[in-house]
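Peer 1: Input file: target38.txt. Contents: compact mmCIF, C-alpha atoms and all ligand atoms.
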# COMPACT_ATOMS: atom_id res chain seq x y z
CA MET A 1345 6.03 -96.28 36.97
CA GLU A 1346 9.58 -96.11 35.68
CA LEU A 1347 10.09 -93.60 32.89
CA ALA A 1348 11.59 -94.74 29.58
CA LEU A 1349 14.41 -92.22 30.07
CA ASP A 1350 15.63 -94.08 33.18
CA LEU A 1351 15.67 -97.38 31.28
CA LEU A 1352 17.79 -96.07 28.39
CA ASP A 1353 21.37 -97.33 28.11
CA LYS A 1354 23.29 -94.07 27.66
CA ASN A 1355 26.26 -95.99 26.18
CA THR A 1356 24.42 -97.44 23.18
CA LEU A 1357 22.37 -94.48 21.98
CA PRO A 1358 22.09 -94.04 18.22
CA ARG A 1359 24.37 -91.34 16.78
CA HIS A 1360 21.79 -90.43 14.14
CA ILE A 1361 17.98 -90.56 14.39
CA ALA A 1362 15.78 -89.93 11.35
CA ILE A 1363 12.07 -89.21 11.75
CA ILE A 1364 9.09 -89.23 9.37
CA MET A 1365 6.77 -86.80 11.13
CA ASP A 1366 3.32 -88.07 10.14
CA GLY A 1367 -0.26 -87.56 11.28
CA ASN A 1368 -0.65 -83.78 11.45
CA GLY A 1369 -3.70 -83.82 9.18
CA ARG A 1370 -5.46 -86.62 11.09
CA TRP A 1371 -4.70 -84.93 14.41
CA ALA A 1372 -6.38 -81.74 13.20
CA LYS A 1373 -9.32 -83.65 11.72
CA SER A 1374 -9.90 -85.45 15.03
CA GLN A 1375 -10.53 -81.99 16.52
CA SER A 1376 -12.63 -80.81 13.57
CA MET A 1377 -9.91 -78.32 12.68
CA PRO A 1378 -8.29 -77.56 9.30
CA ARG A 1379 -5.13 -79.55 8.39
CA VAL A 1380 -2.91 -76.49 8.82
CA PHE A 1381 -3.80 -76.48 12.53
CA GLY A 1382 -2.10 -79.87 12.75
CA HIS A 1383 1.08 -78.57 11.09
CA ARG A 1384 1.21 -75.60 13.45
CA ASN A 1385 0.97 -77.92 16.44
CA GLY A 1386 3.53 -80.21 14.82
CA VAL A 1387 6.12 -77.50 15.44
CA LYS A 1388 5.77 -78.12 19.21
CA ALA A 1389 6.75 -81.75 18.67
CA VAL A 1390 9.72 -80.66 16.53
CA ARG A 1391 10.88 -78.45 19.40
CA GLU A 1392 10.47 -81.22 22.02
CA VAL A 1393 12.23 -83.87 19.96
CA THR A 1394 15.10 -81.52 19.11
CA GLU A 1395 15.53 -80.59 22.76
CA ALA A 1396 15.33 -84.21 23.97
CA SER A 1397 17.84 -85.36 21.34
CA ALA A 1398 20.29 -82.60 22.25
CA GLU A 1399 19.91 -83.44 25.96
CA LEU A 1400 20.66 -87.11 25.30
CA GLY A 1401 23.71 -86.29 23.20
CA ILE A 1402 22.34 -87.57 19.87
CA GLU A 1403 24.72 -86.16 17.23
CA TYR A 1404 22.40 -85.95 14.21
CA LEU A 1405 18.61 -85.60 13.97
CA THR A 1406 17.08 -85.66 10.49
CA LEU A 1407 13.42 -84.65 10.14
CA TYR A 1408 11.39 -85.28 6.98
CA ALA A 1409 9.58 -81.93 6.78
CA PHE A 1410 8.50 -81.82 3.11
CA SER A 1411 8.84 -84.37 0.33
CA LYS A 1412 8.97 -83.71 -3.38
CA GLU A 1413 5.61 -85.53 -3.53
CA ASN A 1414 4.07 -83.05 -1.03
CA TRP A 1415 3.75 -80.42 -3.80
CA LYS A 1416 0.68 -82.41 -4.91
CA ARG A 1417 -1.21 -81.23 -1.78
CA PRO A 1418 -3.76 -78.39 -2.02
CA ARG A 1419 -1.99 -75.11 -2.83
CA LYS A 1420 -3.28 -73.46 0.32
CA GLU A 1421 -1.70 -76.15 2.51
CA VAL A 1422 1.63 -76.03 0.63
CA ASN A 1423 1.78 -72.22 0.91
CA MET A 1424 1.03 -72.41 4.63
CA LEU A 1425 3.73 -75.05 5.16
CA MET A 1426 6.33 -72.92 3.35
CA LYS A 1427 5.37 -69.92 5.52
CA LEU A 1428 5.56 -72.12 8.62
CA PHE A 1429 9.09 -73.22 7.70
CA VAL A 1430 10.17 -69.58 7.30
CA SER A 1431 8.61 -68.42 10.58
CA THR A 1432 9.76 -71.47 12.60
CA VAL A 1433 13.35 -71.36 11.35
CA SER A 1434 13.52 -67.59 12.00
CA LYS A 1435 11.84 -67.80 15.45
CA GLU A 1436 13.96 -70.73 16.64
CA LEU A 1437 17.29 -69.38 15.40
CA SER A 1438 18.37 -67.88 18.73
CA THR A 1439 17.38 -71.09 20.58
CA LEU A 1440 19.43 -73.15 18.12
CA ASN A 1441 22.45 -70.92 18.73
CA LYS A 1442 21.94 -70.89 22.50
CA ASN A 1443 21.93 -74.69 22.51
CA ASN A 1444 24.90 -74.98 20.13
CA ILE A 1445 22.80 -76.76 17.48
CA ARG A 1446 23.78 -76.59 13.83
CA LEU A 1447 20.99 -76.45 11.24
CA LYS A 1448 21.44 -78.17 7.90
CA ALA A 1449 19.03 -79.08 5.11
CA ILE A 1450 18.92 -81.76 2.43
CA GLY A 1451 16.73 -81.77 -0.66
CA ASP A 1452 16.15 -79.87 -3.87
CA LEU A 1453 16.57 -76.60 -1.98
CA GLU A 1454 17.07 -74.36 -5.02
CA SER A 1455 13.47 -75.13 -6.08
CA LEU A 1456 11.99 -73.87 -2.80
CA PRO A 1457 10.21 -70.47 -2.79
CA PRO A 1458 12.88 -67.71 -2.55
CA ASP A 1459 11.83 -66.50 0.93
CA THR A 1460 11.87 -70.06 2.31
CA LEU A 1461 15.33 -70.64 0.86
CA ALA A 1462 16.58 -67.28 2.16
CA ALA A 1463 15.37 -67.97 5.75
CA LEU A 1464 16.89 -71.44 5.59
CA ASN A 1465 20.25 -70.26 4.24
CA ASN A 1466 20.37 -67.52 6.85
CA ALA A 1467 19.86 -70.04 9.69
CA ILE A 1468 22.33 -72.52 8.15
CA GLU A 1469 24.99 -69.81 7.88
CA SER A 1470 24.31 -68.43 11.37
CA THR A 1471 24.58 -71.87 13.05
CA LYS A 1472 27.41 -73.34 10.98
CA ASP A 1473 29.99 -73.30 13.80
CA ASN A 1474 27.70 -74.98 16.38
CA ASP A 1475 28.84 -78.48 17.22
CA HIS A 1476 26.69 -80.04 19.94
CA MET A 1477 24.12 -81.52 17.54
CA THR A 1478 23.14 -81.22 13.88
CA LEU A 1479 19.46 -80.74 13.11
CA ASN A 1480 19.01 -81.72 9.49
CA LEU A 1481 15.75 -80.80 7.73
CA ALA A 1482 14.75 -82.84 4.68
CA LEU A 1483 12.92 -80.22 2.62
CA ASN A 1484 11.72 -80.81 -0.92
CA TYR A 1485 13.54 -84.11 -0.52
CA SER A 1486 13.03 -87.49 -2.14
CA GLY A 1487 15.36 -90.49 -1.93
CA ARG A 1488 14.92 -91.43 -5.61
CA TRP A 1489 15.70 -87.85 -6.65
CA GLU A 1490 18.87 -87.90 -4.50
CA LEU A 1491 19.96 -91.21 -6.08
CA THR A 1492 19.21 -89.84 -9.56
CA GLU A 1493 21.37 -86.76 -8.89
CA MET A 1494 24.15 -89.00 -7.56
CA THR A 1495 23.96 -91.09 -10.74
CA LYS A 1496 24.16 -87.96 -12.93
CA SER A 1497 27.24 -86.82 -11.00
CA ILE A 1498 28.94 -90.20 -11.54
CA ALA A 1499 28.02 -90.19 -15.24
CA LYS A 1500 29.49 -86.68 -15.66
CA ASP A 1501 32.75 -87.68 -13.98
CA ILE A 1502 33.01 -90.75 -16.17
CA SER A 1503 32.40 -88.79 -19.36
CA SER A 1504 34.97 -86.16 -18.35
CA GLY A 1505 37.47 -88.94 -17.63
CA SER A 1506 37.91 -88.12 -13.93
CA LEU A 1507 36.28 -91.39 -12.82
CA ASN A 1508 36.89 -94.89 -14.13
CA PRO A 1509 33.75 -97.12 -14.13
CA GLU A 1510 35.83 -99.85 -12.44
CA ASP A 1511 36.45 -97.47 -9.54
CA ILE A 1512 32.78 -96.88 -8.69
CA SER A 1513 32.43 -98.01 -5.09
CA GLU A 1514 30.14 -97.48 -2.12
CA GLU A 1515 32.47 -94.65 -1.11
CA SER A 1516 32.17 -92.87 -4.46
CA ILE A 1517 28.37 -93.14 -4.18
CA VAL A 1518 28.20 -91.99 -0.54
CA SER A 1519 30.43 -88.99 -1.25
CA ARG A 1520 27.88 -87.83 -3.84
CA LEU A 1521 24.83 -88.08 -1.55
CA LEU A 1522 23.47 -85.03 0.25
CA THR A 1523 24.27 -86.67 3.59
CA SER A 1524 27.96 -87.07 2.74
CA GLY A 1525 29.99 -86.75 5.94
CA THR A 1526 27.04 -87.79 8.15
CA PRO A 1527 26.82 -91.34 9.56
CA ASP A 1528 23.79 -93.37 8.41
CA PRO A 1529 20.81 -93.27 10.82
CA GLU A 1530 20.80 -96.29 13.12
CA LEU A 1531 17.16 -95.57 14.00
CA MET A 1532 14.28 -94.39 11.82
CA ILE A 1533 11.00 -93.48 13.51
CA ARG A 1534 7.67 -92.97 11.74
CA THR A 1535 4.70 -91.71 13.68
CA SER A 1536 0.93 -92.11 13.16
CA GLY A 1537 0.83 -95.89 12.68
CA GLU A 1538 1.86 -95.84 9.00
CA HIS A 1539 4.43 -98.49 8.08
CA ARG A 1540 6.19 -97.03 5.03
CA ILE A 1541 9.50 -95.39 4.14
CA SER A 1542 7.90 -92.98 1.62
CA ASN A 1543 11.03 -92.22 -0.39
CA PHE A 1544 13.07 -91.15 2.67
CA LEU A 1545 16.86 -91.72 2.77
CA LEU A 1546 16.63 -94.85 0.60
CA TRP A 1547 20.38 -95.55 0.57
CA GLN A 1548 21.12 -94.37 4.10
CA LEU A 1549 18.41 -96.45 5.84
CA SER A 1550 19.84 -99.78 4.59
CA TYR A 1551 20.67 -101.03 8.10
CA ALA A 1552 18.50 -98.73 10.21
CA GLU A 1553 16.14 -100.15 12.79
CA LEU A 1554 12.64 -99.04 11.82
CA VAL A 1555 10.43 -98.13 14.76
CA PHE A 1556 6.78 -97.24 14.22
CA SER A 1557 4.78 -95.27 16.77
CA ASP A 1558 0.99 -94.99 16.73
CA ILE A 1559 1.16 -91.46 18.17
CA LEU A 1560 0.15 -88.68 15.76
CA TRP A 1561 3.06 -86.25 15.27
CA PRO A 1562 1.57 -83.21 17.13
CA ASP A 1563 1.23 -85.43 20.24
CA PHE A 1564 4.80 -86.78 20.04
CA ARG A 1565 6.69 -85.74 23.18
CA LYS A 1566 10.06 -86.53 24.81
CA GLU A 1567 8.74 -89.67 26.52
CA GLU A 1568 7.61 -91.07 23.13
CA LEU A 1569 11.10 -90.50 21.73
CA TYR A 1570 12.66 -92.30 24.70
CA LYS A 1571 10.28 -95.24 24.15
CA CYS A 1572 11.31 -95.49 20.49
CA ILE A 1573 15.02 -95.43 21.44
CA LEU A 1574 14.33 -98.10 24.06
CA GLU A 1575 12.69 -100.27 21.39
CA TYR A 1576 15.81 -99.75 19.22
CA GLN A 1577 18.08 -100.77 22.11
CA ARG A 1578 16.06 -103.95 22.70
CA ARG A 1579 16.64 -105.10 19.14
CA GLU A 1580 19.73 -106.99 18.04
CA ARG A 1581 21.49 -105.41 15.07
CA ARG A 1582 23.12 -108.22 13.07
CA PHE A 1583 24.38 -106.56 9.85
CA GLY A 1584 24.06 -109.89 7.98
CA MET A 1585 25.89 -111.90 10.66
CA THR A 1586 24.42 -114.67 12.81
CA SER A 1587 23.15 -114.01 16.31
CA ASP A 1588 26.12 -115.93 17.81
CA GLN A 1589 28.62 -113.80 15.89
CA VAL A 1590 27.00 -110.59 17.12
CA VAL A 1591 27.07 -111.73 20.76
CA LYS A 1592 30.79 -112.63 20.45
CA SER A 1593 31.83 -109.42 18.69
C1 LIG A 1601 2.88 -85.02 7.77
O1 LIG A 1601 1.58 -85.09 8.32
C2 LIG A 1601 3.50 -83.73 8.02
C3 LIG A 1601 4.04 -82.89 7.07
C4 LIG A 1601 4.06 -83.21 5.63
C5 LIG A 1601 4.60 -81.59 7.45
C6 LIG A 1601 5.54 -81.65 8.61
C7 LIG A 1601 5.87 -80.27 9.05
C8 LIG A 1601 5.86 -79.84 10.33
C9 LIG A 1601 5.62 -80.72 11.50
C10 LIG A 1601 6.25 -78.45 10.60
C11 LIG A 1601 7.65 -78.51 11.07
C12 LIG A 1601 8.44 -77.33 10.83
C13 LIG A 1601 9.80 -77.37 10.72
C14 LIG A 1601 10.54 -76.09 10.62
C15 LIG A 1601 10.58 -78.62 10.67
P1 LIG A 1601 0.34 -85.25 7.31
O2 LIG A 1601 -0.11 -83.89 6.93
O3 LIG A 1601 0.75 -86.11 6.16
O4 LIG A 1601 -0.70 -85.96 8.22
P2 LIG A 1601 -1.86 -86.96 7.72
O5 LIG A 1601 -1.17 -88.19 7.20
O6 LIG A 1601 -2.62 -87.22 8.99
O7 LIG A 1601 -2.67 -86.26 6.68
Rewrite the coordinates I just gave you, this time as structure tokens.

Peer 2:
Amino acid sequence: MELALDLLDKNTLPRHIAIIMDGNGRWAKSQSMPRVFGHRNGVKAVREVTEASAELGIEYLTLYAFSKENWKRPRKEVNMLMKLFVSTVSKELSTLNKNNIRLKAIGDLESLPPDTLAALNNAIESTKDNDHMTLNLALNYSGRWELTEMTKSIAKDISSGSLNPEDISEESIVSRLLTSGTPDPELMIRTSGEHRISNFLLWQLSYAELVFSDILWPDFRKEELYKCILEYQRRERRFGMTSDQVVKS
């Protein structure tokens, strides 16, 4: 059987892939294990997908690791997740550097526990000159929160007189988002069979192709990623135009 990797068109790969990593809890439950077991095994999938993306030459990979809504989970699970972020980021730092991968993070980072923030900032600083791929972690992130912060920033600039309301444009909005300087994801993948955006990159996903995989995140491997990219390549991206216009352009 031909592998999805061989079927991929290397000339039309997305520059930016965003992933909602879902299904850790159900994966653990299916093995009668506690939810945290699923998160620990989810790290393997993070490693595989990062490696596969770097091998393909994807420029940006954004992973939804923790939403602002996730604080509502049991305290034990939240504490374990924060510890897992610290240990994973610290353990993988040398691999990131070896593979020339830059780590970035988006979200309300200042509200993370101090040791999580310190490990994150250390890895961000240590990898800042790497330029093969950017691995962007959405941590304590929510799309509505990001848009609210952007709105506050515009309001402040208007009240200080540095921005005229007539001059508000898509550019002035984009420059105030946490992803400023990063192209919008062309492909958004959500695992575990759920068909929702869950407050992820609400502005940036406007034209993204949404691909849903039934695989639970801890089982997501390189071949699954290739299949999702293949699905993206089979779709026609029209950006509001007609099918004829797209074929001609
Ligand atoms: C969603 O599955 C998963 C999370 C909220 C946590 C994701 C975190 C990891 C995979 C660890 C990765 C670490 C780094 C450093 C990026 P769920 O718990 O919502 O699953 P369920 O829907 O089956 O309950």

Peer 1: What's the separation between CA of Asn1414 in chain A and atom C14 of ligand LIG 1601 (chain A), in Å to one decimal place?

Peer 2: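 Interatomic distance here is 15.0 Å.
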
Peer 1: For Pro1529 in chain A, please output as an mmCIF file with C-alpha atoms, keeping the file's coordinate frame all residues within 12 Å (counting all atoms listed in the file; exclusion window: fewer than 2 positions along the same chain).

Peer 2:
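So part15.cif came out as:
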data_model
loop_
_atom_site.group_PDB
_atom_site.id
_atom_site.type_symbol
_atom_site.label_atom_id
_atom_site.label_comp_id
_atom_site.auth_asym_id
_atom_site.auth_seq_id
_atom_site.Cartn_x
_atom_site.Cartn_y
_atom_site.Cartn_z
ATOM 1 C CA LEU A 1357 22.370 -94.480 21.980
ATOM 2 C CA PRO A 1358 22.090 -94.040 18.220
ATOM 3 C CA ARG A 1359 24.370 -91.340 16.780
ATOM 4 C CA HIS A 1360 21.790 -90.430 14.140
ATOM 5 C CA ILE A 1361 17.980 -90.560 14.390
ATOM 6 C CA ALA A 1362 15.780 -89.930 11.350
ATOM 7 C CA ILE A 1363 12.070 -89.210 11.750
ATOM 8 C CA ILE A 1402 22.340 -87.570 19.870
ATOM 9 C CA GLU A 1403 24.720 -86.160 17.230
ATOM 10 C CA TYR A 1404 22.400 -85.950 14.210
ATOM 11 C CA LEU A 1405 18.610 -85.600 13.970
ATOM 12 C CA THR A 1406 17.080 -85.660 10.490
ATOM 13 C CA LEU A 1407 13.420 -84.650 10.140
ATOM 14 C CA ASN A 1480 19.010 -81.720 9.490
ATOM 15 C CA THR A 1523 24.270 -86.670 3.590
ATOM 16 C CA THR A 1526 27.040 -87.790 8.150
ATOM 17 C CA PRO A 1527 26.820 -91.340 9.560
ATOM 18 C CA LEU A 1531 17.160 -95.570 14.000
ATOM 19 C CA MET A 1532 14.280 -94.390 11.820
ATOM 20 C CA ILE A 1533 11.000 -93.480 13.510
ATOM 21 C CA PHE A 1544 13.070 -91.150 2.670
ATOM 22 C CA LEU A 1545 16.860 -91.720 2.770
ATOM 23 C CA LEU A 1546 16.630 -94.850 0.600
ATOM 24 C CA TRP A 1547 20.380 -95.550 0.570
ATOM 25 C CA GLN A 1548 21.120 -94.370 4.100
ATOM 26 C CA LEU A 1549 18.410 -96.450 5.840
ATOM 27 C CA SER A 1550 19.840 -99.780 4.590
ATOM 28 C CA TYR A 1551 20.670 -101.030 8.100
ATOM 29 C CA ALA A 1552 18.500 -98.730 10.210
ATOM 30 C CA GLU A 1553 16.140 -100.150 12.790
ATOM 31 C CA LEU A 1554 12.640 -99.040 11.820
ATOM 32 C CA TYR A 1576 15.810 -99.750 19.220
#

Peer 1: Around ligand LIG 1601 (chain A), at most 9 Å away and counting all atoms listed in the file, which residues are there? Put them as a ChimeraX atom specification, please.

Peer 2: /A:1364-1373,1379-1380,1382-1391,1407-1411,1414,1425-1426,1428-1433,1436,1481-1483,1536,1538,1560-1562

Peer 1: Just how far from CA of Glu1469 in chain A is CA of Leu1437 in chain A, in Å to one decimal?

Peer 2: 10.8 Å

Peer 1: So which residues touch range 1484-1499 of chain A within 9 Å, counting all atoms listed in the file, skipping near sequence neighbours fewer than 4 positions away, as a PyMOL selection string?

Peer 2: chain A and resi 1408-1415+1450-1453+1455-1456+1503-1504+1507+1509+1512+1516-1522+1542-1547

Peer 1: Generate a file of the selected residues that holds C-alpha atoms, formatted as a compact mmCIF listing (two decimals), keeping the file's coordinate frame.

Peer 2:
# COMPACT_ATOMS: atom_id res chain seq x y z
CA TYR A 1408 11.39 -85.28 6.98
CA ALA A 1409 9.58 -81.93 6.78
CA PHE A 1410 8.50 -81.82 3.11
CA SER A 1411 8.84 -84.37 0.33
CA LYS A 1412 8.97 -83.71 -3.38
CA GLU A 1413 5.61 -85.53 -3.53
CA ASN A 1414 4.07 -83.05 -1.03
CA TRP A 1415 3.75 -80.42 -3.80
CA ILE A 1450 18.92 -81.76 2.43
CA GLY A 1451 16.73 -81.77 -0.66
CA ASP A 1452 16.15 -79.87 -3.87
CA LEU A 1453 16.57 -76.60 -1.98
CA SER A 1455 13.47 -75.13 -6.08
CA LEU A 1456 11.99 -73.87 -2.80
CA SER A 1503 32.40 -88.79 -19.36
CA SER A 1504 34.97 -86.16 -18.35
CA LEU A 1507 36.28 -91.39 -12.82
CA PRO A 1509 33.75 -97.12 -14.13
CA ILE A 1512 32.78 -96.88 -8.69
CA SER A 1516 32.17 -92.87 -4.46
CA ILE A 1517 28.37 -93.14 -4.18
CA VAL A 1518 28.20 -91.99 -0.54
CA SER A 1519 30.43 -88.99 -1.25
CA ARG A 1520 27.88 -87.83 -3.84
CA LEU A 1521 24.83 -88.08 -1.55
CA LEU A 1522 23.47 -85.03 0.25
CA SER A 1542 7.90 -92.98 1.62
CA ASN A 1543 11.03 -92.22 -0.39
CA PHE A 1544 13.07 -91.15 2.67
CA LEU A 1545 16.86 -91.72 2.77
CA LEU A 1546 16.63 -94.85 0.60
CA TRP A 1547 20.38 -95.55 0.57

Peer 1: Neighbouring residues of Phe1556 in chain A were defined as those with any atom within 7 Å, considering all atoms listed in the file; residues of the same chain fewer than 5 positions away were excluded. Please report them as a ChimeraX atom specification.

Peer 2: /A:1533-1535,1537,1539
